[in-house]
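Structure below is query-v2.csv: CSV, C-alpha atoms and all ligand atoms.
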```
chain,number,residue,atom,x,y,z
D,933,MET,CA,46.9,-5.7,59.5
D,934,SER,CA,47.6,-5.3,63.2
D,935,ASP,CA,45.1,-6.6,65.8
D,936,ALA,CA,44.0,-3.1,66.6
D,937,GLU,CA,42.9,-2.5,63.0
D,938,MET,CA,41.1,-5.8,62.6
D,939,PRO,CA,37.4,-5.3,62.4
D,940,ILE,CA,35.6,-7.2,65.1
D,941,TRP,CA,32.7,-8.4,63.0
D,942,ASN,CA,33.2,-8.5,59.3
D,943,LEU,CA,30.0,-9.4,57.5
D,944,GLU,CA,30.5,-11.5,54.4
D,945,LYS,CA,27.0,-12.6,53.4
D,946,ILE,CA,23.5,-12.9,54.6
D,947,ILE,CA,22.6,-16.6,54.5
D,948,HIS,CA,19.1,-16.6,55.8
D,949,GLU,CA,16.3,-14.0,56.3
D,950,GLY,CA,13.7,-15.7,58.4
D,951,ALA,CA,10.6,-14.3,59.9
D,952,GLU,CA,12.3,-14.2,63.3
D,953,ALA,CA,16.0,-13.6,62.6
D,954,THR,CA,18.6,-12.6,60.1
D,955,VAL,CA,21.5,-15.1,59.9
D,956,SER,CA,24.7,-14.0,58.3
D,957,GLU,CA,28.2,-15.3,57.8
D,958,GLY,CA,31.4,-13.5,58.4
D,959,LYS,CA,34.6,-13.3,60.5
D,960,TRP,CA,34.8,-12.6,64.2
D,961,PHE,CA,38.3,-11.5,65.0
D,962,GLY,CA,39.3,-13.3,61.9
D,963,LYS,CA,37.5,-16.6,62.7
D,964,SER,CA,34.7,-17.9,60.6
D,965,ALA,CA,31.5,-17.1,62.5
D,966,ILE,CA,27.7,-16.8,62.2
D,967,SER,CA,25.7,-13.8,63.4
D,968,LYS,CA,22.1,-14.1,64.3
D,969,VAL,CA,20.1,-11.0,64.8
D,970,ARG,CA,16.6,-11.5,66.1
D,971,ARG,CA,14.1,-9.1,64.6
D,972,LYS,CA,11.6,-7.1,66.6
D,973,ARG,CA,8.2,-8.4,65.8
D,974,GLY,CA,6.4,-5.1,65.3
D,975,TYR,CA,3.8,-5.9,67.9
D,976,ARG,CA,1.5,-3.1,69.3
D,977,TYR,CA,3.6,-2.7,72.4
D,978,PRO,CA,7.2,-1.8,71.4
D,979,GLU,CA,8.5,-1.9,74.9
D,980,LEU,CA,7.1,-5.4,75.6
D,981,ASP,CA,8.3,-6.5,72.1
D,982,ARG,CA,11.9,-5.3,72.9
D,983,LYS,CA,11.8,-7.1,76.2
D,984,LEU,CA,10.7,-10.4,74.7
D,985,THR,CA,13.2,-10.3,71.9
D,986,LYS,CA,15.9,-9.6,74.4
D,987,LYS,CA,14.8,-12.5,76.6
D,988,ARG,CA,14.8,-14.9,73.7
D,989,ILE,CA,18.3,-14.0,72.5
D,990,ALA,CA,19.6,-14.3,76.1
D,991,ALA,CA,17.9,-17.7,76.5
D,992,GLU,CA,19.4,-19.0,73.2
D,993,ALA,CA,22.9,-17.9,74.3
D,994,ARG,CA,22.4,-19.4,77.8
D,995,ILE,CA,21.4,-22.8,76.3
D,996,LEU,CA,24.3,-22.9,73.9
D,997,PHE,CA,26.7,-22.0,76.7
D,998,ARG,CA,25.3,-24.8,78.9
D,999,LEU,CA,25.4,-27.4,76.1
D,1000,ARG,CA,29.0,-26.5,75.0
D,1001,LYS,CA,30.1,-27.0,78.7
D,1002,LYS,CA,28.8,-30.6,78.3
D,1003,SER,CA,30.6,-31.0,74.9
D,1004,PHE,CA,27.3,-31.2,73.1
D,1005,PRO,CA,27.8,-30.8,69.3
D,1006,CYS,CA,26.4,-27.3,68.8
D,1007,PRO,CA,27.9,-23.8,68.0
D,1008,SER,CA,29.9,-22.1,70.7
D,1009,ILE,CA,29.1,-18.5,71.7
D,1010,TYR,CA,31.6,-15.8,70.8
D,1011,TYR,CA,29.6,-12.8,71.7
D,1012,ILE,CA,26.1,-11.7,72.8
D,1013,ASP,CA,24.6,-8.2,72.6
D,1014,THR,CA,21.1,-8.3,74.1
D,1015,ASN,CA,20.4,-4.7,73.4
D,1016,ASN,CA,20.8,-5.3,69.6
D,1017,SER,CA,19.5,-8.9,69.9
D,1018,GLN,CA,22.6,-10.3,68.4
D,1019,ILE,CA,24.5,-13.5,69.0
D,1020,ILE,CA,27.8,-14.3,67.3
D,1021,MET,CA,28.7,-18.0,67.3
D,1022,SER,CA,31.2,-20.4,65.8
D,1023,LYS,CA,30.4,-21.5,62.2
D,1024,ILE,CA,29.8,-25.2,61.8
D,1025,PHE,CA,31.2,-26.6,58.5
D,1026,ALA,CA,28.3,-28.9,57.8
D,1027,THR,CA,25.1,-29.0,55.6
D,1028,PRO,CA,21.5,-29.1,56.8
D,1029,LEU,CA,20.4,-32.7,57.0
D,1030,TYR,CA,17.4,-31.6,54.9
D,1031,GLU,CA,19.6,-31.5,51.8
D,1032,LYS,CA,21.5,-34.7,52.5
D,1033,LEU,CA,19.3,-37.3,54.2
D,1034,ASN,CA,17.5,-38.5,51.0
D,1035,LYS,CA,20.9,-39.2,49.3
D,1036,LEU,CA,22.6,-41.1,52.1
D,1037,GLN,CA,23.7,-44.7,51.8
D,1038,SER,CA,22.6,-45.7,55.3
D,1039,PRO,CA,20.2,-43.1,56.6
D,1040,LYS,CA,19.1,-45.4,59.4
D,1041,LEU,CA,22.5,-45.3,61.0
D,1042,ILE,CA,22.4,-41.5,61.0
D,1043,LEU,CA,18.9,-41.5,62.3
D,1044,GLU,CA,19.9,-43.7,65.2
D,1045,GLU,CA,22.8,-41.3,66.0
D,1046,ILE,CA,20.2,-38.4,65.9
D,1047,GLY,CA,18.1,-40.3,68.4
D,1048,LYS,CA,21.1,-40.5,70.8
D,1049,LEU,CA,21.8,-36.8,70.4
D,1050,ILE,CA,18.2,-35.9,71.2
D,1051,ARG,CA,18.4,-38.0,74.3
D,1052,ARG,CA,21.6,-36.3,75.3
D,1053,LEU,CA,19.9,-32.9,74.8
D,1054,HIS,CA,16.9,-34.0,76.9
D,1055,LEU,CA,19.2,-35.4,79.6
D,1056,SER,CA,20.8,-31.9,79.8
D,1057,ASP,CA,17.3,-30.8,80.8
D,1058,ILE,CA,16.8,-28.9,77.6
D,1059,SER,CA,14.1,-29.3,74.9
D,1060,HIS,CA,14.8,-28.0,71.4
D,1061,GLY,CA,11.4,-26.7,70.2
D,1062,ASP,CA,12.0,-26.8,66.5
D,1063,LEU,CA,13.6,-30.1,65.7
D,1064,THR,CA,13.4,-30.2,61.9
D,1065,THR,CA,16.1,-31.5,59.4
D,1066,HIS,CA,16.9,-27.8,58.7
D,1067,ASN,CA,18.3,-27.5,62.3
D,1068,ILE,CA,20.4,-30.7,62.3
D,1069,LEU,CA,23.6,-30.4,60.4
D,1070,LEU,CA,25.8,-33.2,58.9
D,1071,SER,CA,29.5,-32.7,58.2
D,1072,PRO,CA,31.4,-34.3,55.4
D,1073,ARG,CA,32.8,-36.7,58.0
D,1074,GLU,CA,29.2,-37.6,59.0
D,1075,GLU,CA,29.4,-35.8,62.3
D,1076,LEU,CA,26.1,-34.4,63.5
D,1077,PHE,CA,25.3,-31.0,65.1
D,1078,ILE,CA,22.2,-29.4,66.3
D,1079,ILE,CA,21.6,-25.6,65.9
D,1080,ASP,CA,18.8,-23.0,66.3
D,1081,PHE,CA,17.9,-23.0,70.0
D,1082,GLY,CA,15.6,-20.0,69.7
D,1083,LEU,CA,12.6,-22.0,70.9
D,1084,SER,CA,14.4,-24.1,73.4
D,1085,ARG,CA,13.5,-24.4,77.0
D,1086,ILE,CA,15.4,-25.1,80.2
D,1087,SER,CA,13.6,-27.6,82.5
D,1088,PRO,CA,11.0,-28.5,79.9
D,1089,GLU,CA,7.9,-30.5,80.7
D,1090,LEU,CA,7.4,-34.0,79.5
D,1091,GLU,CA,5.1,-32.6,76.8
D,1092,HIS,CA,8.0,-30.5,75.3
D,1093,LEU,CA,10.2,-33.6,75.1
D,1094,GLY,CA,7.5,-35.6,73.4
D,1095,LEU,CA,6.9,-32.7,71.0
D,1096,ASP,CA,10.6,-32.7,69.9
D,1097,LEU,CA,10.1,-36.2,68.7
D,1098,GLN,CA,6.7,-35.4,67.1
D,1099,VAL,CA,8.1,-32.4,65.2
D,1100,LEU,CA,11.0,-34.5,63.8
D,1101,SER,CA,8.6,-37.3,63.0
D,1102,GLU,CA,6.3,-35.0,61.0
D,1103,CYS,CA,9.3,-33.5,59.2
D,1104,LEU,CA,10.7,-36.9,58.2
D,1105,THR,CA,7.3,-38.0,56.9
D,1106,ALA,CA,6.8,-34.7,54.9
D,1107,SER,CA,10.2,-34.2,53.4
D,1108,HIS,CA,12.0,-37.6,53.6
D,1109,ALA,CA,9.2,-40.1,52.7
D,1110,ASN,CA,11.7,-42.4,50.9
D,1111,ILE,CA,12.9,-43.6,54.3
D,1112,LYS,CA,10.5,-46.1,55.8
D,1113,ASN,CA,9.8,-46.2,59.5
D,1114,PRO,CA,12.4,-43.4,60.3
D,1115,MET,CA,11.1,-43.1,63.9
D,1116,GLU,CA,12.0,-46.7,64.7
D,1117,ALA,CA,15.7,-45.8,64.2
D,1118,ILE,CA,15.4,-42.5,66.1
D,1119,ILE,CA,13.7,-44.3,69.0
D,1120,ARG,CA,16.3,-47.1,69.1
D,1121,GLY,CA,19.0,-44.4,69.5
D,1122,TYR,CA,16.9,-42.4,72.0
D,1123,ILE,CA,16.4,-45.3,74.4
D,1124,SER,CA,19.9,-46.6,74.1
D,1125,ILE,CA,21.3,-43.8,76.2
D,1126,ASP,CA,20.8,-44.3,79.9
D,1127,GLY,CA,19.2,-41.6,82.0
D,1128,ALA,CA,22.1,-40.6,84.2
D,1129,ASN,CA,20.3,-37.5,85.3
D,1130,PRO,CA,17.7,-38.3,87.9
D,1131,ASP,CA,16.0,-34.9,87.4
D,1132,SER,CA,15.1,-35.6,83.7
D,1133,GLU,CA,12.3,-37.8,82.4
D,1134,ASN,CA,12.8,-41.4,81.7
D,1135,ALA,CA,13.3,-42.2,78.0
D,1136,ASN,CA,10.3,-44.7,77.9
D,1137,LYS,CA,8.0,-42.1,79.4
D,1138,VAL,CA,9.0,-39.6,76.7
D,1139,ILE,CA,8.4,-42.2,73.9
D,1140,THR,CA,4.9,-42.9,75.5
D,1141,ARG,CA,4.1,-39.2,75.5
D,1142,PHE,CA,5.3,-39.0,71.8
D,1143,GLU,CA,2.9,-41.8,70.9
D,1144,GLU,CA,0.1,-40.0,72.7
D,1145,ILE,CA,0.8,-36.7,70.9
D,1146,LYS,CA,0.9,-38.6,67.6
D,1147,SER,CA,-2.5,-40.2,68.1
D,1148,ARG,CA,-4.0,-36.9,69.4
D,1149,VAL,CA,-2.8,-35.2,66.2
D,1150,ARG,CA,-4.2,-38.0,64.1
D,1151,TYR,CA,-7.5,-37.9,65.9
D,1152,HIS,CA,-8.0,-34.2,65.8
D,1153,GLY,CA,-6.4,-33.8,62.4
B,1201,LIG,N1,26.5,-21.9,63.7
B,1201,LIG,C1,26.1,-22.2,62.4
B,1201,LIG,N2,27.0,-22.8,61.6
B,1201,LIG,C2,26.7,-23.0,60.3
B,1201,LIG,N3,25.5,-22.7,59.7
B,1201,LIG,C3,24.6,-22.1,60.5
B,1201,LIG,C4,24.8,-21.8,61.9
B,1201,LIG,N4,23.7,-21.2,62.4
B,1201,LIG,C5,22.8,-21.1,61.4
B,1201,LIG,N5,23.3,-21.7,60.3
B,1201,LIG,C6,22.6,-21.8,59.0
B,1201,LIG,O1,21.6,-20.7,58.9
B,1201,LIG,C7,20.3,-21.3,58.8
B,1201,LIG,C8,19.4,-20.5,59.7
B,1201,LIG,O2,19.8,-20.4,61.1
B,1201,LIG,P1,18.8,-20.7,62.3
B,1201,LIG,O3,19.6,-20.6,63.6
B,1201,LIG,O4,18.2,-22.1,62.1
B,1201,LIG,O5,17.8,-19.6,62.2
B,1201,LIG,P2,16.2,-19.6,62.0
B,1201,LIG,O6,15.7,-19.3,63.4
B,1201,LIG,O7,15.9,-18.4,61.1
B,1201,LIG,O8,15.7,-20.9,61.5
B,1201,LIG,C9,20.5,-22.7,59.3
B,1201,LIG,O9,19.5,-23.6,58.8
B,1201,LIG,C10,21.9,-23.1,58.8
B,1201,LIG,O10,21.9,-23.4,57.5
B,1202,MG,MG,16.3,-22.8,61.9
```
Take the structure in the file and give it back as structure tokens.
Amino acid sequence: MSDAEMPIWNLEKIIHEGAEATVSEGKWFGKSAISKVRRKRGYRYPELDRKLTKKRIAAEARILFRLRKKSFPCPSIYYIDTNNSQIIMSKIFATPLYEKLNKLQSPKLILEEIGKLIRRLHLSDISHGDLTTHNILLSPREELFIIDFGLSRISPELEHLGLDLQVLSECLTASHANIKNPMEAIIRGYISIDGANPDSENANKVITRFEEIKSRVRYHG
């Protein structure tokens, strides 16, 4: 097939139909890729709905672009179509940590690496917003990747940084209860990376905020 005949996006299979987005796998100019199409939410005001969906997809693409420039392990953007709320990105050959963590020989080592990665993300002045073990991928060579920046923020507040740790902490307790004190390893990794960016929050401040959020949640149930 000549280049001119090659379909641009060749859908192979739908891998995830979430409430917010349809994620599918296919080929982009022959390369393995992932397409994410954000669904309109069906709110009462279609015009506002369309604008919000468009904004979210543009924000997700902007964040991926920014992170890849810093060699952060996340997908790279191939294509973005804000009118159809679609992003096409590189496919990462790795499995969600959700499926792997409970079977690992030394989960603590992986958790410490995840802590470092979260700190690198925060030092890039970005919060994730949905940091569960479904959105962290682990490759067969034990390389880690973070995906799904649909709820991320640029220039987050201290609270958003603390919340990233809190969301992960809750997910580890709920789905990976066989690992004792997982946050100890995460925090060890998190504070081991120095804050080279004077604009971002100090690691210890983020940990303190995380502890505060945790006790707030415990107190108010
Ligand atoms: N770039 C990617 N490479 C490989 N798998 C991916 C990629 N993006 C998404 N996936 C897979 O699709 C699932 C859903 O994608 P995600 O971006 O997390 O959407 P949602 O917002 O619906 O959670 C992920 O948990 C992961 O298994
Ligand atoms: Mg996800």
Would you mind listing the residues within 8 Å of ligand LIG 1201 (chain B), counting all atoms listed in the file, as a VMD selection string? chain D and resid 947 to 956 965 to 968 1006 to 1008 1021 to 1028 1066 to 1069 1079 to 1082
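Distance check against ligand MG 1202 (chain B) using all atoms listed in the file: of D:Leu1090, D:Ile1139, D:Leu1104, D:Ile1078, the minimum falls on D:Ile1078.
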Would you mind reading off the distance between atom CA of D:Cys1103 and atom CA of D:Ala991, one decimal, in Å? 25.0 Å
Determine, counting all atoms listed in the file, which protein, DNA and RNA residues have an atom within 7 Å of an atom of D:His1060; residues of the same chain fewer than 5 positions away are not included. Present the result as a compact mmCIF listing (two decimals) with C-alpha atoms, in the frame of the given file.
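around-v6.txt written:
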```txt
# COMPACT_ATOMS: atom_id res chain seq x y z
CA PHE D 1081 17.90 -23.00 70.00
CA LEU D 1083 12.60 -22.00 70.90
CA SER D 1084 14.40 -24.10 73.40
CA ARG D 1085 13.50 -24.40 77.00
CA ASP D 1096 10.60 -32.70 69.90
```
For ligand MG 1202 (chain B), which residue among D:Leu1063, D:Leu943, D:Leu1033, D:Ile1058 is the nearest when counting all atoms listed in the file? D:Leu1063
Tell me which of D:Tyr1011, D:Asn1136, D:Ile1125, D:Glu1143 sits closest to D:Arg994, counting all atoms listed in the file. D:Tyr1011
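For the choices D:Lys1048, D:Arg998, D:Arg1141, D:Arg982, the atom-to-atom distance to D:Ala1117 is smallest for D:Lys1048 when using only C-alpha atoms.
For stretch 1105-1110 of chain D, the non-local neighbours within 9 Å, defined as residues at least 2 positions apart in the same chain or in other chains and counting all atoms listed in the file, are D:Tyr1030, D:Leu1033, D:Asn1034, D:Thr1065, D:Leu1100, D:Ser1101, D:Glu1102, D:Cys1103, D:Lys1112, D:Asn1113, D:Pro1114.
With all atoms listed in the file as the basis for measurement, D:Ile1145 is the residue among D:Ile1145, D:Ile1046, D:Ile1009, D:Leu1070 that approaches D:Leu1093 most closely.
For the choices D:Leu1076, D:Ile1086, D:Leu1029, D:Met1115, the atom-to-atom distance to ligand MG 1202 (chain B) is smallest for D:Leu1029 when using all atoms listed in the file.
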